[in-house]
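What follows is the content of start_11.txt (compact mmCIF, C-alpha atoms).
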```
# COMPACT_ATOMS: atom_id res chain seq x y z
CA MET A 1392 0.00 0.00 0.00
CA GLU A 1393 1.18 3.51 -0.70
CA LYS A 1394 -0.37 5.28 2.28
CA ILE A 1395 -1.98 4.93 5.71
CA VAL A 1396 -4.48 7.53 6.90
CA LEU A 1397 -5.16 7.66 10.66
CA ASN A 1398 -8.56 8.88 11.79
CA ILE A 1399 -8.30 10.13 15.40
CA PRO A 1400 -11.76 11.47 16.29
CA HIS A 1401 -12.09 11.26 20.07
CA SER A 1402 -8.78 12.28 21.68
CA SER A 1403 -9.69 15.89 22.51
CA VAL A 1404 -11.59 17.44 25.42
CA ASN A 1405 -11.76 20.89 23.81
CA GLY A 1406 -15.04 22.77 23.71
CA ILE A 1407 -17.10 20.78 26.21
CA PHE A 1408 -18.10 23.79 28.32
CA ASP A 1409 -17.95 26.60 25.76
CA GLU A 1410 -20.78 28.16 23.74
CA TYR A 1411 -21.00 25.13 21.43
CA GLY A 1412 -20.49 22.54 24.16
CA LYS A 1413 -22.94 23.64 26.84
CA TRP A 1414 -22.42 20.60 29.06
CA PRO A 1415 -22.81 20.94 32.86
CA ARG A 1416 -19.72 21.77 34.88
CA ASN A 1417 -20.41 18.77 37.03
CA PRO A 1418 -17.64 16.61 38.53
CA HIS A 1419 -19.75 13.47 38.19
CA PHE A 1420 -20.33 14.17 34.48
CA ILE A 1421 -16.60 14.78 34.01
CA ASN A 1422 -15.57 11.60 35.81
CA GLU A 1423 -18.30 9.24 34.62
CA CYS A 1424 -18.64 10.46 31.04
CA VAL A 1425 -15.80 12.68 29.83
CA ASN A 1426 -12.90 10.91 31.55
CA LYS A 1427 -14.26 7.47 30.78
CA TRP A 1428 -15.18 7.96 27.12
CA THR A 1429 -12.48 10.30 25.86
CA ASP A 1430 -9.87 8.37 23.86
CA TRP A 1431 -7.04 9.81 25.91
CA TYR A 1432 -3.67 10.22 24.15
CA THR A 1433 -4.62 8.28 21.01
CA ASP A 1434 -2.99 11.08 19.02
CA VAL A 1435 0.22 10.08 20.84
CA LEU A 1436 -0.35 6.30 20.75
CA PHE A 1437 -0.60 6.16 16.97
CA ALA A 1438 2.03 8.83 16.22
CA THR A 1439 4.88 8.03 13.85
CA THR A 1440 7.57 9.81 11.85
CA ASN A 1441 6.80 7.69 8.79
CA GLU A 1442 5.92 10.13 6.00
CA GLN A 1443 3.56 7.60 4.41
CA VAL A 1444 1.34 7.75 7.48
CA VAL A 1445 -0.96 10.78 7.82
CA SER A 1446 -2.92 11.66 10.99
CA VAL A 1447 -6.27 13.47 10.86
CA VAL A 1448 -7.16 14.55 14.41
CA PHE A 1449 -10.54 16.09 15.24
CA PRO A 1450 -9.69 19.04 17.54
CA TYR A 1451 -12.89 18.99 19.60
CA SER A 1452 -14.44 16.56 22.06
CA ARG A 1453 -16.90 13.90 20.97
CA PHE A 1454 -19.25 15.61 23.46
CA VAL A 1455 -19.17 18.67 21.22
CA CYS A 1456 -19.61 16.79 17.94
CA ASP A 1457 -19.12 13.11 17.21
CA VAL A 1458 -17.71 13.01 13.70
CA GLU A 1459 -18.05 9.22 13.54
CA ARG A 1460 -21.82 9.15 13.91
CA LEU A 1461 -23.78 8.64 10.71
CA ASP A 1462 -26.47 10.81 9.18
CA ASN A 1463 -29.71 9.48 10.69
CA ASP A 1464 -27.63 7.43 13.13
CA PRO A 1465 -29.61 4.93 15.26
CA MET A 1466 -27.97 6.43 18.37
CA GLU A 1467 -29.92 9.64 17.72
CA SER A 1468 -32.90 7.91 19.30
CA VAL A 1469 -31.12 7.98 22.69
CA GLY A 1470 -29.70 11.47 22.24
CA GLN A 1471 -26.25 10.39 21.04
CA GLY A 1472 -26.24 11.07 17.33
CA ILE A 1473 -23.79 13.43 15.65
CA ILE A 1474 -24.59 16.10 18.22
CA TYR A 1475 -25.14 14.52 21.64
CA ARG A 1476 -28.12 15.82 23.63
CA ILE A 1477 -27.83 13.52 26.64
CA PHE A 1478 -25.12 11.19 27.93
CA GLY A 1479 -25.00 9.09 31.07
CA GLY A 1480 -28.11 10.80 32.37
CA TYR A 1481 -26.64 14.31 31.95
CA SER A 1482 -28.33 16.78 29.60
CA ARG A 1483 -26.66 19.29 27.34
CA GLY A 1484 -27.79 22.90 27.07
CA ILE A 1485 -30.04 23.88 24.16
CA LEU A 1486 -28.23 24.66 20.91
CA SER A 1487 -29.59 27.15 18.41
CA ALA A 1488 -30.08 26.21 14.78
CA LYS A 1489 -26.99 28.28 13.90
CA GLU A 1490 -24.88 26.52 16.54
CA ARG A 1491 -25.98 23.10 15.30
CA GLU A 1492 -25.15 24.14 11.74
CA HIS A 1493 -21.67 25.16 12.87
CA LEU A 1494 -21.06 21.79 14.54
CA LEU A 1495 -22.30 19.85 11.53
CA ALA A 1496 -19.90 21.90 9.38
CA LEU A 1497 -17.00 20.86 11.66
CA ARG A 1498 -17.89 17.22 11.04
CA GLN A 1499 -18.03 17.76 7.30
CA GLN A 1500 -14.62 19.45 7.37
CA HIS A 1501 -13.12 16.49 9.23
CA LEU A 1502 -14.61 13.96 6.80
CA ALA A 1503 -13.51 16.06 3.84
CA THR A 1504 -9.93 16.07 5.15
CA LEU A 1505 -9.99 12.29 5.51
CA LYS A 1506 -11.29 11.85 1.99
CA ARG A 1507 -8.72 14.26 0.58
CA HIS A 1508 -5.90 12.08 1.92
CA LEU A 1509 -7.36 8.73 0.82
CA THR A 1510 -6.36 6.98 -2.39
CA PRO A 1511 -7.42 3.65 -3.93
CA ASP A 1512 -4.17 2.11 -2.62
CA SER A 1513 -4.46 3.29 0.98
CA LEU A 1514 -5.63 1.98 4.34
CA LEU A 1515 -7.74 4.06 6.70
CA ILE A 1516 -7.13 3.14 10.34
CA ASP A 1517 -9.82 4.25 12.77
CA CYS A 1518 -7.89 4.91 16.01
CA HIS A 1519 -9.59 4.52 19.39
CA SER A 1520 -9.20 3.40 22.99
CA PHE A 1521 -11.72 1.87 25.34
CA PRO A 1522 -12.23 1.68 29.13
CA GLY A 1523 -11.45 -1.96 29.83
CA THR A 1524 -9.74 -4.02 32.51
CA SER A 1525 -6.97 -6.61 32.44
CA ASP A 1526 -9.71 -9.22 31.96
CA ASP A 1527 -10.57 -7.69 28.58
CA CYS A 1528 -8.55 -7.96 25.39
CA ASP A 1529 -5.62 -5.55 24.96
CA ILE A 1530 -6.39 -4.75 21.33
CA CYS A 1531 -9.66 -4.93 19.43
CA ILE A 1532 -9.49 -4.88 15.63
CA GLY A 1533 -12.74 -3.99 13.90
CA PHE A 1534 -13.80 -4.08 10.27
CA ASN A 1535 -16.83 -3.65 8.04
CA ASN A 1536 -18.43 -6.44 6.06
CA ASP A 1537 -18.09 -4.57 2.79
CA GLU A 1538 -15.49 -3.69 0.14
CA SER A 1539 -13.36 -1.86 2.71
CA TYR A 1540 -12.52 -5.18 4.41
CA ASP A 1541 -9.28 -6.97 3.54
CA GLU A 1542 -8.83 -10.20 5.49
CA GLN A 1543 -5.11 -10.30 4.79
CA VAL A 1544 -4.54 -6.80 6.17
CA VAL A 1545 -6.53 -7.59 9.32
CA ASN A 1546 -4.49 -10.77 9.84
CA LEU A 1547 -1.21 -8.92 9.26
CA VAL A 1548 -2.08 -6.33 11.91
CA LYS A 1549 -3.35 -8.97 14.33
CA THR A 1550 -0.16 -11.00 13.93
CA GLN A 1551 2.10 -8.04 14.69
CA PHE A 1552 0.31 -7.36 17.98
CA GLU A 1553 0.27 -11.02 18.93
CA LYS A 1554 3.99 -11.45 18.23
CA ILE A 1555 4.76 -9.36 21.29
CA HIS A 1556 1.99 -10.93 23.35
CA TYR A 1557 -0.81 -8.42 23.19
CA TRP A 1558 -4.16 -10.16 23.56
CA VAL A 1559 -6.10 -9.40 20.37
CA SER A 1560 -9.82 -9.76 19.64
CA VAL A 1561 -11.52 -9.18 16.30
CA ASN A 1562 -14.85 -7.33 16.06
CA HIS A 1563 -15.38 -7.73 19.82
CA PRO A 1564 -16.15 -5.85 21.99
CA TYR A 1565 -16.27 -3.27 19.18
CA SER A 1566 -16.75 -3.68 15.46
CA ASN A 1567 -16.77 -1.76 12.19
CA SER A 1568 -14.56 1.10 11.02
CA ILE A 1569 -15.21 4.52 9.57
CA SER A 1570 -15.25 4.50 5.76
CA PRO A 1571 -16.51 7.76 4.23
CA SER A 1572 -17.67 7.54 0.63
CA THR A 1573 -15.04 8.68 -1.85
CA GLY A 1574 -16.18 7.35 -5.22
CA PHE A 1575 -13.42 4.72 -5.20
CA ALA A 1576 -12.65 1.64 -3.11
CA TYR A 1577 -10.04 1.64 -0.34
CA LYS A 1578 -9.43 -0.44 2.78
CA SER A 1579 -10.39 0.40 6.35
CA LEU A 1580 -10.00 -1.14 9.79
CA MET A 1581 -10.33 -0.01 13.38
CA ILE A 1582 -7.82 -0.43 16.20
CA GLU A 1583 -9.20 -0.04 19.74
CA VAL A 1584 -6.59 -0.05 22.53
CA ASN A 1585 -7.62 -1.04 26.04
CA LYS A 1586 -6.74 1.90 28.31
CA HIS A 1587 -5.17 -0.44 30.85
CA VAL A 1588 -2.43 -1.10 28.26
CA TYR A 1589 -1.06 2.44 28.47
CA MET A 1590 -2.73 4.36 31.31
CA THR A 1591 -2.90 4.27 35.09
CA ASN A 1592 -6.14 4.33 37.06
CA THR A 1593 -5.74 8.08 37.50
CA ASN A 1594 -5.94 8.88 33.76
CA LYS A 1595 -2.19 9.35 33.50
CA LEU A 1596 0.15 7.71 31.03
CA ASN A 1597 1.96 4.70 32.44
CA PRO A 1598 5.55 5.90 33.08
CA ASN A 1599 7.14 2.50 32.32
CA SER A 1600 9.63 3.23 29.51
CA ARG A 1601 9.92 -0.44 28.52
CA GLN A 1602 6.20 -0.52 27.89
CA TRP A 1603 6.49 2.45 25.52
CA MET A 1604 9.44 0.90 23.66
CA ARG A 1605 7.30 -2.20 23.22
CA TRP A 1606 4.28 -0.22 22.03
CA PHE A 1607 5.96 2.12 19.57
CA GLY A 1608 8.12 -0.69 18.20
CA CYS A 1609 4.98 -2.69 17.57
CA MET A 1610 3.18 0.21 15.86
CA ASN A 1611 6.15 0.86 13.58
CA ARG A 1612 6.09 -2.79 12.55
CA VAL A 1613 2.35 -2.59 11.96
CA TYR A 1614 2.76 0.44 9.69
CA ASN A 1615 5.74 -1.00 7.82
CA THR A 1616 4.01 -4.35 7.28
CA ILE A 1617 0.93 -2.67 5.87
CA LEU A 1618 2.93 -0.37 3.59
CA GLN A 1619 4.83 -3.34 2.21
CA TYR A 1620 1.62 -5.28 1.55
CA SER A 1621 0.55 -5.58 -2.08
CA ARG A 1622 -2.96 -6.74 -2.94
```
Entire entry expressed as structure tokens:
Amino acid sequence: MEKIVLNIPHSSVNGIFDEYGKWPRNPHFINECVNKWTDWYTDVLFATTNEQVVSVVFPYSRFVCDVERLDNDPMESVGQGIIYRIFGGYSRGILSAKEREHLLALRQQHLATLKRHLTPDSLLIDCHSFPGTSDDCDICIGFNNDESYDEQVVNLVKTQFEKIHYWVSVNHPYSNSISPSTGFAYKSLMIEVNKHVYMTNTNKLNPNSRQWMRWFGCMNRVYNTILQYSR
């Protein structure tokens, strides 16, 4: 493959309490919702100096606008569509039509940037983390059951993680991967990293340097293996 495009949609906490966020300044909301469901440091986890790997990071919190939700997303029925209205029992302030339009435009800009970087010979990696424990898998690889799925690529990625003894699950507990329409076919997969792999219980990065050597070495091998893959 000639290129890898990283979609990093949920790493930021920007905007939650500003004029477009309007969430309550409530410590329980912050701890139970924001801290738990922000993909902390995924912009760092998936970082690389490889020039064939491009990162597209959404600069606002998912609680401001969730760029991964679909138009007419089923989650809209519970208030968690593109623009969340309620989460974990906490309600967001009322947004005006103009404010909603602004947030929807931010989503379109993010998707447009992704599509601008994609080519027919590229892989889109949807980069996430999840709040798990040591009893859950370390890495979850997700894919779509459509033309964006490449079994060989999924197996190559899975093998690289397993070589250094990460516990890998496929399409469980999470499945699917973002794949915006471009007018041409390309490949897409999701990588979800269990937060216990790289964080402490206090939302800090684990300071163990050997762990980080292991992680970044693994990610470089993942990227290189994919880039050397020819369909």
Which neighbours of A:Glu1410 fall inside 12 Å, counting all atoms listed in the file, when residues of the same chain fewer than 6 positions from it are skipped, and could you give them as an mmCIF file with C-alpha atoms, in the coordinates of the input?
```
data_model
loop_
_atom_site.group_PDB
_atom_site.id
_atom_site.type_symbol
_atom_site.label_atom_id
_atom_site.label_comp_id
_atom_site.auth_asym_id
_atom_site.auth_seq_id
_atom_site.Cartn_x
_atom_site.Cartn_y
_atom_site.Cartn_z
ATOM 1 C CA VAL A 1455 -19.170 18.670 21.220
ATOM 2 C CA ARG A 1483 -26.660 19.290 27.340
ATOM 3 C CA GLY A 1484 -27.790 22.900 27.070
ATOM 4 C CA ILE A 1485 -30.040 23.880 24.160
ATOM 5 C CA LEU A 1486 -28.230 24.660 20.910
ATOM 6 C CA SER A 1487 -29.590 27.150 18.410
ATOM 7 C CA LYS A 1489 -26.990 28.280 13.900
ATOM 8 C CA GLU A 1490 -24.880 26.520 16.540
ATOM 9 C CA ARG A 1491 -25.980 23.100 15.300
ATOM 10 C CA HIS A 1493 -21.670 25.160 12.870
ATOM 11 C CA LEU A 1494 -21.060 21.790 14.540
#
```
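Reported to one decimal place, the separation of atom CA of A:Val1584 from atom CA of A:Pro1511 is 26.7 Å.
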Determine, counting all atoms listed in the file, which protein, DNA and RNA residues have an atom within 10 Å of an atom of A:Gly1574; residues of the same chain fewer than 3 positions away are not included. Present the result as a PyMOL selection string. chain A and resi 1506+1511+1571+1577
Export of the given selection (C-alpha atoms) as an mmCIF file, in the frame of the given file:
```cif
data_model
loop_
_atom_site.group_PDB
_atom_site.id
_atom_site.type_symbol
_atom_site.label_atom_id
_atom_site.label_comp_id
_atom_site.auth_asym_id
_atom_site.auth_seq_id
_atom_site.Cartn_x
_atom_site.Cartn_y
_atom_site.Cartn_z
ATOM 1 C CA LYS A 1506 -11.290 11.850 1.990
ATOM 2 C CA PRO A 1511 -7.420 3.650 -3.930
ATOM 3 C CA PRO A 1571 -16.510 7.760 4.230
ATOM 4 C CA TYR A 1577 -10.040 1.640 -0.340
#
```
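Of note, atom CA of A:Ser1560 and atom CA of A:Cys1528 are spaced 6.2 Å apart.
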Could you pull out every residue with an atom within 9 Å of (-22.9, 12.7, 34.6), file coordinates, counting all atoms listed in the file, and send them as a PDB file with C-alpha atoms, keeping the file's coordinate frame?
```pdb
ATOM      1  CA  PRO A1415     -22.810  20.940  32.860  1.00  0.00           C
ATOM      2  CA  ASN A1417     -20.410  18.770  37.030  1.00  0.00           C
ATOM      3  CA  PRO A1418     -17.640  16.610  38.530  1.00  0.00           C
ATOM      4  CA  HIS A1419     -19.750  13.470  38.190  1.00  0.00           C
ATOM      5  CA  PHE A1420     -20.330  14.170  34.480  1.00  0.00           C
ATOM      6  CA  ILE A1421     -16.600  14.780  34.010  1.00  0.00           C
ATOM      7  CA  ASN A1422     -15.570  11.600  35.810  1.00  0.00           C
ATOM      8  CA  GLU A1423     -18.300   9.240  34.620  1.00  0.00           C
ATOM      9  CA  CYS A1424     -18.640  10.460  31.040  1.00  0.00           C
ATOM     10  CA  VAL A1425     -15.800  12.680  29.830  1.00  0.00           C
ATOM     11  CA  PHE A1478     -25.120  11.190  27.930  1.00  0.00           C
ATOM     12  CA  GLY A1479     -25.000   9.090  31.070  1.00  0.00           C
ATOM     13  CA  GLY A1480     -28.110  10.800  32.370  1.00  0.00           C
ATOM     14  CA  TYR A1481     -26.640  14.310  31.950  1.00  0.00           C
ATOM     15  CA  SER A1482     -28.330  16.780  29.600  1.00  0.00           C
TER      16      SER A1482
END
```
Would you work out the distance separating atom CA of A:Asn1426 from atom CA of A:Pro1564, expressed in Å to one decimal? 19.6 Å
Contacts of A:Leu1596 at 12 Å (only C-alpha atoms; same-chain gap of 6+ positions) as a PyMOL selection string: chain A and resi 1431-1433+1435-1436+1586-1590+1602-1603
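Distance check against A:Val1396 using all atoms listed in the file: of A:Trp1558, A:Phe1437, A:Phe1454, A:Phe1521, the minimum falls on A:Phe1437.
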Please provide as a PDB file with C-alpha atoms, keeping the file's coordinate frame all residues within 8 Å of stretch 1544-1547 of chain A, with the sequence filter that same-chain residues fewer than 5 positions apart are discarded (counting all atoms listed in the file).
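File result.pdb, as written:
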```pdb
ATOM      1  CA  ILE A1532      -9.490  -4.880  15.630  1.00  0.00           C
ATOM      2  CA  LEU A1580     -10.000  -1.140   9.790  1.00  0.00           C
ATOM      3  CA  VAL A1613       2.350  -2.590  11.960  1.00  0.00           C
ATOM      4  CA  THR A1616       4.010  -4.350   7.280  1.00  0.00           C
ATOM      5  CA  ILE A1617       0.930  -2.670   5.870  1.00  0.00           C
ATOM      6  CA  TYR A1620       1.620  -5.280   1.550  1.00  0.00           C
TER       7      TYR A1620
END
```
For A:Phe1575, which residue out of A:Ser1513, A:Asn1405, A:Thr1524, A:Ser1468 is the nearest one, using only C-alpha atoms? A:Ser1513
Output as JSON the centre and edge lengths (Å, one decimal) of the box along x, y and z of the file that holds every listed atom of stretch 1401-1416 of chain A after adding 3 Å on each side.
```
{"center_x": -15.9, "center_y": 19.7, "center_z": 27.5, "size_x": 20.2, "size_y": 22.9, "size_z": 20.8}
```
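With all atoms listed in the file as the atoms that count, the residue of A:Ser1520, A:Gln1443, A:Asn1615, A:Asn1594 with the shortest distance to A:His1508 is A:Gln1443.
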Got a sec: who's within 10 Å of stretch 1497-1500 of chain A, counting all atoms listed in the file, leaving out chain neighbours fewer than 2 positions off, as a list in words?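 The neighbour list is Pro1400, Phe1449, Pro1450, Tyr1451, Cys1456, Asp1457, Val1458, Glu1459, Arg1460, Ile1473, Ile1474, Arg1491, Glu1492, His1493, Leu1494, Leu1495, Leu1502, Ala1503, Thr1504, Leu1505 and Lys1506 of chain A.
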Please fill the gaps in stretch 1471-1488 of chain A so it has N, CA and C atoms, and write that as a PDB file, keeping the file's coordinate frame.
```pdb
ATOM      1  N   GLN A1471     -27.692  10.473  21.262  1.00  0.00           N
ATOM      2  CA  GLN A1471     -26.250  10.390  21.040  1.00  0.00           C
ATOM      3  C   GLN A1471     -25.944  10.197  19.556  1.00  0.00           C
ATOM      4  N   GLY A1472     -26.550  11.056  18.746  1.00  0.00           N
ATOM      5  CA  GLY A1472     -26.240  11.070  17.330  1.00  0.00           C
ATOM      6  C   GLY A1472     -24.995  11.917  17.079  1.00  0.00           C
ATOM      7  N   ILE A1473     -24.953  12.598  15.978  1.00  0.00           N
ATOM      8  CA  ILE A1473     -23.790  13.430  15.650  1.00  0.00           C
ATOM      9  C   ILE A1473     -23.573  14.496  16.722  1.00  0.00           C
ATOM     10  N   ILE A1474     -24.655  15.089  17.177  1.00  0.00           N
ATOM     11  CA  ILE A1474     -24.590  16.100  18.220  1.00  0.00           C
ATOM     12  C   ILE A1474     -25.310  15.551  19.441  1.00  0.00           C
ATOM     13  N   TYR A1475     -24.539  15.125  20.447  1.00  0.00           N
ATOM     14  CA  TYR A1475     -25.140  14.520  21.640  1.00  0.00           C
ATOM     15  C   TYR A1475     -26.069  15.529  22.335  1.00  0.00           C
ATOM     16  N   ARG A1476     -27.205  15.018  22.825  1.00  0.00           N
ATOM     17  CA  ARG A1476     -28.120  15.820  23.630  1.00  0.00           C
ATOM     18  C   ARG A1476     -28.133  15.368  25.086  1.00  0.00           C
ATOM     19  N   ILE A1477     -27.832  14.082  25.293  1.00  0.00           N
ATOM     20  CA  ILE A1477     -27.830  13.520  26.640  1.00  0.00           C
ATOM     21  C   ILE A1477     -26.805  12.398  26.678  1.00  0.00           C
ATOM     22  N   PHE A1478     -26.128  12.245  27.807  1.00  0.00           N
ATOM     23  CA  PHE A1478     -25.120  11.190  27.930  1.00  0.00           C
ATOM     24  C   PHE A1478     -24.995  10.828  29.403  1.00  0.00           C
ATOM     25  N   GLY A1479     -25.137   9.556  29.700  1.00  0.00           N
ATOM     26  CA  GLY A1479     -25.000   9.090  31.070  1.00  0.00           C
ATOM     27  C   GLY A1479     -25.967   9.738  32.038  1.00  0.00           C
ATOM     28  N   GLY A1480     -27.117  10.153  31.516  1.00  0.00           N
ATOM     29  CA  GLY A1480     -28.110  10.800  32.370  1.00  0.00           C
ATOM     30  C   GLY A1480     -27.933  12.299  32.503  1.00  0.00           C
ATOM     31  N   TYR A1481     -26.899  12.870  31.876  1.00  0.00           N
ATOM     32  CA  TYR A1481     -26.640  14.310  31.950  1.00  0.00           C
ATOM     33  C   TYR A1481     -27.087  14.967  30.649  1.00  0.00           C
ATOM     34  N   SER A1482     -27.771  16.095  30.762  1.00  0.00           N
ATOM     35  CA  SER A1482     -28.330  16.780  29.600  1.00  0.00           C
ATOM     36  C   SER A1482     -27.477  17.969  29.187  1.00  0.00           C
ATOM     37  N   ARG A1483     -27.400  18.170  27.919  1.00  0.00           N
ATOM     38  CA  ARG A1483     -26.660  19.290  27.340  1.00  0.00           C
ATOM     39  C   ARG A1483     -27.587  20.504  27.230  1.00  0.00           C
ATOM     40  N   GLY A1484     -27.003  21.696  27.279  1.00  0.00           N
ATOM     41  CA  GLY A1484     -27.790  22.900  27.070  1.00  0.00           C
ATOM     42  C   GLY A1484     -28.346  22.961  25.658  1.00  0.00           C
ATOM     43  N   ILE A1485     -29.371  23.775  25.458  1.00  0.00           N
ATOM     44  CA  ILE A1485     -30.040  23.880  24.160  1.00  0.00           C
ATOM     45  C   ILE A1485     -29.146  24.619  23.166  1.00  0.00           C
ATOM     46  N   LEU A1486     -29.003  24.041  21.997  1.00  0.00           N
ATOM     47  CA  LEU A1486     -28.230  24.660  20.910  1.00  0.00           C
ATOM     48  C   LEU A1486     -29.180  25.325  19.923  1.00  0.00           C
ATOM     49  N   SER A1487     -28.799  26.484  19.440  1.00  0.00           N
ATOM     50  CA  SER A1487     -29.590  27.150  18.410  1.00  0.00           C
ATOM     51  C   SER A1487     -29.368  26.467  17.071  1.00  0.00           C
ATOM     52  N   ALA A1488     -30.221  26.778  16.117  1.00  0.00           N
ATOM     53  CA  ALA A1488     -30.080  26.210  14.780  1.00  0.00           C
ATOM     54  C   ALA A1488     -28.721  26.597  14.177  1.00  0.00           C
TER      55      ALA A1488
END
```
